[in-house]
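Dumped protein_37.cif below, it's mmCIF, C-alpha atoms:
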```
data_final
loop_
_atom_site.label_atom_id
_atom_site.label_comp_id
_atom_site.auth_asym_id
_atom_site.auth_seq_id
_atom_site.Cartn_x
_atom_site.Cartn_y
_atom_site.Cartn_z
CA MET A 1 7.44 3.89 17.91
CA THR A 2 9.52 7.03 17.41
CA THR A 3 8.50 10.41 16.07
CA THR A 4 10.96 13.24 15.70
CA ARG A 5 8.52 16.09 16.15
CA ILE A 6 4.98 17.42 15.83
CA ARG A 7 4.76 20.28 13.34
CA PRO A 8 1.95 22.70 12.48
CA CYS A 9 0.55 22.16 8.99
CA GLY A 10 -1.85 24.72 7.57
CA GLU A 11 -4.51 26.38 9.68
CA ALA A 12 -6.06 23.34 11.36
CA ALA A 13 -3.71 20.36 11.14
CA LEU A 14 -0.55 18.87 12.59
CA MET A 15 2.15 16.81 10.89
CA LEU A 16 3.96 14.02 12.73
CA ASP A 17 7.35 12.84 11.50
CA CYS A 18 7.95 9.10 11.83
CA ALA A 19 10.98 6.86 11.59
CA ASP A 20 9.72 4.83 8.63
CA LEU A 21 6.66 3.62 6.74
CA SER A 22 5.60 0.94 9.23
CA ALA A 23 5.79 3.45 12.09
CA ALA A 24 3.67 5.94 10.13
CA VAL A 25 0.98 3.37 9.31
CA GLU A 26 0.86 2.15 12.91
CA LEU A 27 0.74 5.66 14.35
CA ALA A 28 -2.09 6.64 12.00
CA ARG A 29 -4.10 3.63 13.18
CA ARG A 30 -3.58 4.53 16.83
CA VAL A 31 -4.43 8.20 16.29
CA GLU A 32 -7.72 7.22 14.62
CA GLN A 33 -8.58 5.00 17.58
CA GLN A 34 -7.42 7.16 20.47
CA CYS A 35 -7.63 10.85 19.50
CA PRO A 36 -11.25 12.11 19.42
CA GLU A 37 -10.21 15.57 18.21
CA ALA A 38 -8.76 14.13 14.99
CA VAL A 39 -11.29 14.44 12.15
CA ASP A 40 -8.96 13.21 9.41
CA VAL A 41 -5.80 11.10 9.60
CA VAL A 42 -3.62 10.51 6.54
CA ALA A 43 -0.51 8.33 6.61
CA GLY A 44 2.39 8.94 4.25
CA ALA A 45 5.71 7.23 3.69
CA ARG A 46 7.22 8.74 6.87
CA THR A 47 4.60 11.19 8.10
CA VAL A 48 1.08 11.31 9.50
CA LEU A 49 -1.18 14.31 8.82
CA VAL A 50 -3.78 14.85 11.54
CA ALA A 51 -6.53 17.42 10.97
CA ALA A 52 -8.81 19.11 13.49
CA ARG A 53 -12.21 20.67 12.75
CA ASP A 54 -10.78 24.16 13.06
CA ALA A 55 -7.81 26.04 14.48
CA SER A 56 -9.42 26.44 17.91
CA GLU A 57 -9.19 22.66 18.47
CA LEU A 58 -5.48 22.38 17.65
CA PRO A 59 -4.25 22.80 21.27
CA GLU A 60 -6.44 19.92 22.46
CA LEU A 61 -5.44 17.81 19.47
CA ARG A 62 -1.75 18.45 20.18
CA ARG A 63 -2.29 17.46 23.83
CA GLU A 64 -3.94 14.18 22.75
CA LEU A 65 -1.09 13.42 20.37
CA GLU A 66 1.57 14.19 22.97
CA GLU A 67 -0.16 11.89 25.47
CA LEU A 68 -0.40 9.13 22.86
CA LEU A 69 3.29 9.40 22.02
CA ALA A 70 4.21 9.46 25.70
CA ARG A 71 2.24 6.25 26.27
CA ASP A 72 4.00 4.64 23.32
CA ALA A 73 7.38 5.60 24.74
CA ARG A 74 6.51 3.91 28.04
CA GLU A 75 5.37 0.67 26.48
CA ALA A 76 7.96 -2.05 26.22
CA GLN A 77 6.24 -3.52 23.18
CA VAL A 78 3.98 -1.72 20.74
CA GLU A 79 1.42 -3.79 18.86
CA ARG A 80 2.27 -3.52 15.17
CA PRO A 81 -0.30 -3.31 12.37
CA PHE A 82 -1.25 -6.06 9.97
CA THR A 83 0.10 -8.98 11.98
CA ARG A 84 -1.57 -12.26 11.15
CA HIS A 85 -3.65 -12.57 14.29
CA HIS A 86 -5.38 -9.29 13.38
CA ASP A 87 -6.03 -10.14 9.72
CA ALA A 88 -9.46 -11.77 10.00
CA GLY A 89 -11.32 -8.72 8.67
CA VAL A 90 -8.75 -7.49 6.14
CA ARG A 91 -10.14 -7.05 2.65
CA GLU A 92 -8.37 -8.62 -0.28
CA VAL A 93 -8.38 -7.37 -3.86
CA ILE A 94 -7.21 -9.61 -6.70
CA LEU A 95 -6.19 -7.76 -9.84
CA ASP A 96 -5.94 -9.58 -13.16
CA VAL A 97 -2.88 -8.25 -14.98
CA ARG A 98 -1.57 -8.55 -18.53
CA TYR A 99 2.18 -8.59 -18.03
CA ASP A 100 3.08 -6.83 -21.27
CA GLY A 101 4.31 -3.45 -20.02
CA PRO A 102 6.94 -1.52 -21.99
CA ASP A 103 9.46 -1.71 -19.13
CA LEU A 104 8.98 -5.39 -18.23
CA SER A 105 12.18 -6.64 -19.88
CA GLU A 106 14.27 -3.77 -18.51
CA VAL A 107 13.00 -4.31 -14.96
CA ALA A 108 13.74 -8.03 -15.30
CA ASP A 109 17.29 -7.19 -16.40
CA LEU A 110 17.72 -4.81 -13.45
CA ALA A 111 16.54 -7.59 -11.12
CA GLY A 112 18.78 -10.19 -12.75
CA LEU A 113 15.75 -12.29 -13.66
CA SER A 114 14.03 -13.58 -16.76
CA THR A 115 10.72 -11.87 -17.55
CA ASP A 116 8.83 -15.02 -16.54
CA ALA A 117 10.68 -15.15 -13.22
CA LEU A 118 9.95 -11.47 -12.57
CA ILE A 119 6.24 -12.03 -13.26
CA ARG A 120 6.16 -15.01 -10.90
CA ARG A 121 7.92 -13.05 -8.19
CA HIS A 122 5.60 -10.05 -8.56
CA GLN A 123 2.57 -12.35 -8.23
CA SER A 124 4.02 -14.27 -5.28
CA ILE A 125 4.26 -11.19 -3.07
CA THR A 126 1.42 -10.20 -0.77
CA TRP A 127 1.02 -6.46 -1.29
CA ARG A 128 -0.65 -4.01 1.09
CA ALA A 129 -2.16 -0.60 0.34
CA ALA A 130 -0.03 1.55 2.64
CA PHE A 131 -1.27 5.02 1.73
CA GLY A 132 -2.83 7.01 -1.10
CA GLY A 133 -1.60 10.03 -3.00
CA PHE A 134 -0.69 11.56 -6.36
CA ALA A 135 -4.19 11.09 -7.84
CA PRO A 136 -7.65 9.91 -6.68
CA GLY A 137 -7.55 6.13 -6.33
CA PHE A 138 -3.74 5.91 -6.57
CA PHE A 139 -2.33 3.78 -3.74
CA TYR A 140 1.24 3.01 -2.85
CA LEU A 141 1.47 -0.76 -2.40
CA VAL A 142 4.27 -2.33 -0.39
CA ASP A 143 5.40 -5.85 0.32
CA GLU A 144 3.41 -6.82 3.42
CA ARG A 145 6.63 -7.71 5.20
CA ASP A 146 7.65 -4.03 5.09
CA LEU A 147 4.75 -3.31 7.45
CA THR A 148 4.82 -6.37 9.67
CA GLY A 149 8.52 -7.01 9.96
CA ASP A 150 7.57 -10.63 9.24
CA ALA A 151 10.17 -12.42 7.15
CA ASP A 152 7.78 -15.28 6.44
CA VAL A 153 4.64 -13.71 5.00
CA SER A 154 3.66 -16.20 2.32
CA GLU A 155 0.09 -17.08 1.44
CA ASP A 156 -1.49 -18.42 -1.72
CA LEU A 157 -4.75 -17.46 -3.43
CA HIS A 158 -6.65 -20.50 -2.20
CA GLY A 159 -9.92 -19.38 -0.67
CA ALA A 160 -9.55 -15.71 -1.64
CA THR A 161 -12.53 -14.04 -3.28
CA GLY A 162 -12.76 -11.64 -6.17
CA ALA A 163 -11.25 -11.40 -9.63
CA ASN A 164 -10.28 -8.52 -11.90
CA GLY A 165 -10.75 -6.08 -9.08
CA GLY A 166 -13.09 -8.23 -7.00
CA ARG A 167 -13.10 -7.37 -3.32
CA GLY A 168 -13.78 -9.54 -0.32
CA PRO A 169 -12.41 -10.72 3.00
CA ALA A 170 -8.99 -12.28 2.88
CA GLY A 171 -9.39 -16.02 2.73
CA GLY A 172 -5.85 -17.28 2.25
CA GLY A 173 -4.25 -19.22 5.05
CA PRO A 174 -0.61 -19.47 6.01
CA SER A 175 1.79 -21.30 3.76
CA PRO A 176 2.12 -25.05 4.20
CA ALA A 177 4.68 -26.16 6.73
CA GLY A 178 8.17 -25.92 5.29
CA ALA A 179 7.17 -23.61 2.41
CA GLN A 180 9.67 -20.88 1.65
CA PRO A 181 8.51 -17.23 1.73
CA PRO A 182 8.48 -15.50 -1.66
CA ALA A 183 11.64 -13.66 -2.62
CA ARG A 184 11.44 -9.89 -2.46
CA LEU A 185 11.63 -7.61 -5.45
CA PRO A 186 14.69 -5.36 -5.59
CA VAL A 187 14.39 -1.59 -5.39
CA VAL A 188 13.41 -0.36 -8.86
CA PRO A 189 14.60 3.12 -9.92
CA ARG A 190 12.17 5.51 -11.56
CA LEU A 191 12.57 6.44 -15.19
CA GLY A 192 15.13 9.13 -15.90
CA SER A 193 12.44 11.16 -17.69
CA PRO A 194 8.72 10.70 -16.89
CA ARG A 195 6.37 9.68 -19.66
CA PRO A 196 3.98 12.47 -20.67
CA ARG A 197 1.08 9.99 -20.59
CA VAL A 198 0.68 6.68 -18.77
CA PRO A 199 -2.55 4.80 -19.66
CA ALA A 200 -5.15 4.09 -16.99
CA GLY A 201 -4.72 0.65 -15.44
CA SER A 202 -0.96 0.55 -15.92
CA VAL A 203 0.87 -1.44 -13.24
CA GLY A 204 4.16 0.17 -12.29
CA LEU A 205 7.12 -0.23 -9.96
CA ALA A 206 9.22 2.53 -8.42
CA ASP A 207 11.60 2.32 -5.49
CA ARG A 208 10.07 -0.38 -3.23
CA PHE A 209 6.49 0.47 -4.22
CA CYS A 210 4.01 -0.97 -6.69
CA ALA A 211 0.97 0.95 -7.95
CA VAL A 212 -1.82 0.92 -10.50
CA TYR A 213 -2.53 4.18 -12.32
CA PRO A 214 -6.26 4.93 -11.80
CA GLY A 215 -6.40 7.28 -14.77
CA ALA A 216 -4.24 8.47 -17.63
CA SER A 217 -1.57 10.87 -16.39
CA PRO A 218 2.12 11.66 -16.65
CA GLY A 219 4.29 9.26 -14.69
CA GLY A 220 7.83 8.07 -14.11
CA TRP A 221 7.19 4.57 -12.78
CA ARG A 222 8.44 1.55 -14.72
CA LEU A 223 5.46 -0.19 -16.29
CA ILE A 224 5.32 -3.98 -16.21
CA GLY A 225 1.68 -4.61 -17.14
CA ALA A 226 -1.90 -3.41 -17.13
CA THR A 227 -5.27 -4.27 -15.61
CA ASP A 228 -8.84 -3.56 -16.70
CA ALA A 229 -9.95 -3.05 -13.09
CA LEU A 230 -11.24 0.46 -12.37
CA LEU A 231 -9.19 1.81 -9.48
CA TRP A 232 -11.31 4.97 -9.40
CA ASP A 233 -14.95 5.17 -10.48
CA PRO A 234 -16.89 8.27 -9.33
CA ASP A 235 -20.18 6.46 -10.06
CA ARG A 236 -19.51 3.81 -7.39
CA PRO A 237 -20.75 4.44 -3.83
CA ASP A 238 -17.10 4.13 -2.79
CA PRO A 239 -15.19 5.50 -5.80
CA ALA A 240 -11.80 4.09 -4.79
CA LEU A 241 -11.35 0.35 -5.30
CA LEU A 242 -8.60 0.25 -2.67
CA ALA A 243 -8.46 1.53 0.88
CA PRO A 244 -5.55 1.80 3.33
CA GLY A 245 -4.70 -1.61 4.75
CA ASP A 246 -6.23 -3.64 1.92
CA ARG A 247 -4.32 -6.72 0.83
CA VAL A 248 -3.66 -6.80 -2.92
CA ARG A 249 -2.64 -9.75 -5.07
CA PHE A 250 -1.84 -9.80 -8.77
CA ARG A 251 -2.87 -12.61 -11.12
CA SER A 252 -1.55 -13.06 -14.64
CA VAL A 253 -3.93 -13.22 -17.60
CA HIS A 254 -3.22 -13.71 -21.29
CA PRO A 255 -2.24 -10.40 -22.91
CA ARG A 256 -4.81 -10.65 -25.70
CA ASP A 257 -7.95 -12.42 -24.53
CA GLY A 258 -7.76 -12.11 -20.74
CA SER A 259 -7.71 -15.88 -20.17
CA ARG A 260 -5.52 -17.31 -17.42
#
```
Please lay out the structure from this file as structure tokens.
Amino acid sequence: MTTTRIRPCGEAALMLDCADLSAAVELARRVEQQCPEAVDVVAGARTVLVAARDASELPELRRELEELLARDAREAQVERPFTRHHDAGVREVILDVRYDGPDLSEVADLAGLSTDALIRRHQSITWRAAFGGFAPGFFYLVDERDLTGDADVSEDLHGATGANGGRGPAGGGPSPAGAQPPARLPVVPRLGSPRPRVPAGSVGLADRFCAVYPGASPGGWRLIGATDALLWDPDRPDPALLAPGDRVRFRSVHPRDGSR
């Protein structure tokens, strides 16, 4: 694991720069486990924000972080997050999606696929909630292989629980022997001009990320479908449907009546 520097951030926090997304997610996990002075840890695409209770605790927090990074540098191999032998307790969310988004055909053209092939490919990928941002309940989902470095992450929905936003422990097993891993989606550029309003539940792609808009808002992601699942509900005990590390799968339903 490599970080370029530790920077002050605000009055009572430090920012750690990381080499890439997988390094940021792994470092955030280790900070949560090994740094008692950290009261909040937030991973980003290439950074980790670590907050202390107040400014007086920053020197001790910095010392803990420096020791953690020094240990990492001495280790020949660093355990990476989300590898299969650590997945027993990972939650899985299955989202029913109507693949009728206004940008579906254009994204398929960009990918060199038919719309049906794009839908199949999007569903075949095992997505992981890497980090949140932009709005409450908005999570940046990535192909699980971007976090594990595993070129053969391929599991089906057999045994998984939940539908239309249902949540439960991951139940899928590894692919049958000889099965090919799902093809990746290409990098998808954002719209040249953001839409002034994207409806809640819209499923979008941008760069290498996928996301579901938890509420109506402006947005520049390319929309391929929509779900009725509530990604953010302040009346729930846990308002956010997703949490960092959750596995997310998409399942196609009929655009009009919701039947599969």
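Once the PyMOL selection byres ((chain A and resi 18) around 6) is applied to the shown structure, the selection contains Thr3, Asp17, Ala19, Asp20, Ala24, Arg46 and Thr47 of chain A.
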If the PyMOL selection byres ((chain A and resi 219-231) around 8) is run on the structure shown, which residues does it catch, given as a compact mmCIF listing (two decimals) with C-alpha atoms, in the frame of the given file?
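File produced: part02.txt:
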```txt
# COMPACT_ATOMS: atom_id res chain seq x y z
CA LEU A 95 -6.19 -7.76 -9.84
CA ASP A 96 -5.94 -9.58 -13.16
CA VAL A 97 -2.88 -8.25 -14.98
CA ARG A 98 -1.57 -8.55 -18.53
CA TYR A 99 2.18 -8.59 -18.03
CA ASP A 100 3.08 -6.83 -21.27
CA GLY A 101 4.31 -3.45 -20.02
CA PRO A 102 6.94 -1.52 -21.99
CA ASP A 103 9.46 -1.71 -19.13
CA LEU A 104 8.98 -5.39 -18.23
CA VAL A 107 13.00 -4.31 -14.96
CA GLY A 137 -7.55 6.13 -6.33
CA PHE A 138 -3.74 5.91 -6.57
CA ASN A 164 -10.28 -8.52 -11.90
CA GLY A 165 -10.75 -6.08 -9.08
CA VAL A 188 13.41 -0.36 -8.86
CA PRO A 189 14.60 3.12 -9.92
CA ARG A 190 12.17 5.51 -11.56
CA LEU A 191 12.57 6.44 -15.19
CA GLY A 192 15.13 9.13 -15.90
CA SER A 193 12.44 11.16 -17.69
CA PRO A 194 8.72 10.70 -16.89
CA ARG A 195 6.37 9.68 -19.66
CA PRO A 196 3.98 12.47 -20.67
CA ARG A 197 1.08 9.99 -20.59
CA VAL A 198 0.68 6.68 -18.77
CA GLY A 201 -4.72 0.65 -15.44
CA SER A 202 -0.96 0.55 -15.92
CA VAL A 203 0.87 -1.44 -13.24
CA GLY A 204 4.16 0.17 -12.29
CA LEU A 205 7.12 -0.23 -9.96
CA ALA A 206 9.22 2.53 -8.42
CA VAL A 212 -1.82 0.92 -10.50
CA TYR A 213 -2.53 4.18 -12.32
CA PRO A 214 -6.26 4.93 -11.80
CA SER A 217 -1.57 10.87 -16.39
CA PRO A 218 2.12 11.66 -16.65
CA TRP A 232 -11.31 4.97 -9.40
CA ASP A 233 -14.95 5.17 -10.48
CA PRO A 239 -15.19 5.50 -5.80
CA ALA A 240 -11.80 4.09 -4.79
CA LEU A 241 -11.35 0.35 -5.30
CA LEU A 242 -8.60 0.25 -2.67
```
(request) With the file shown as input, list the residues that the PyMOL selection byres ((chain A and resi 125) around 8) selects, as a PyMOL selection string. (result) chain A and resi 121-124+126-127+143-144+154+182-184+249
- Task: Taking (0.6, -0.3, 10.0) in the file's own coordinates, collect the residues within 6 Å, counting all atoms listed in the file, and hand them back as a ChimeraX atom specification.
- Result: /A:22,25-26,81,147
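The interatomic distance for the pair CA of Arg120 in chain A and CA of Asp146 in chain A works out to 19.5 Å.
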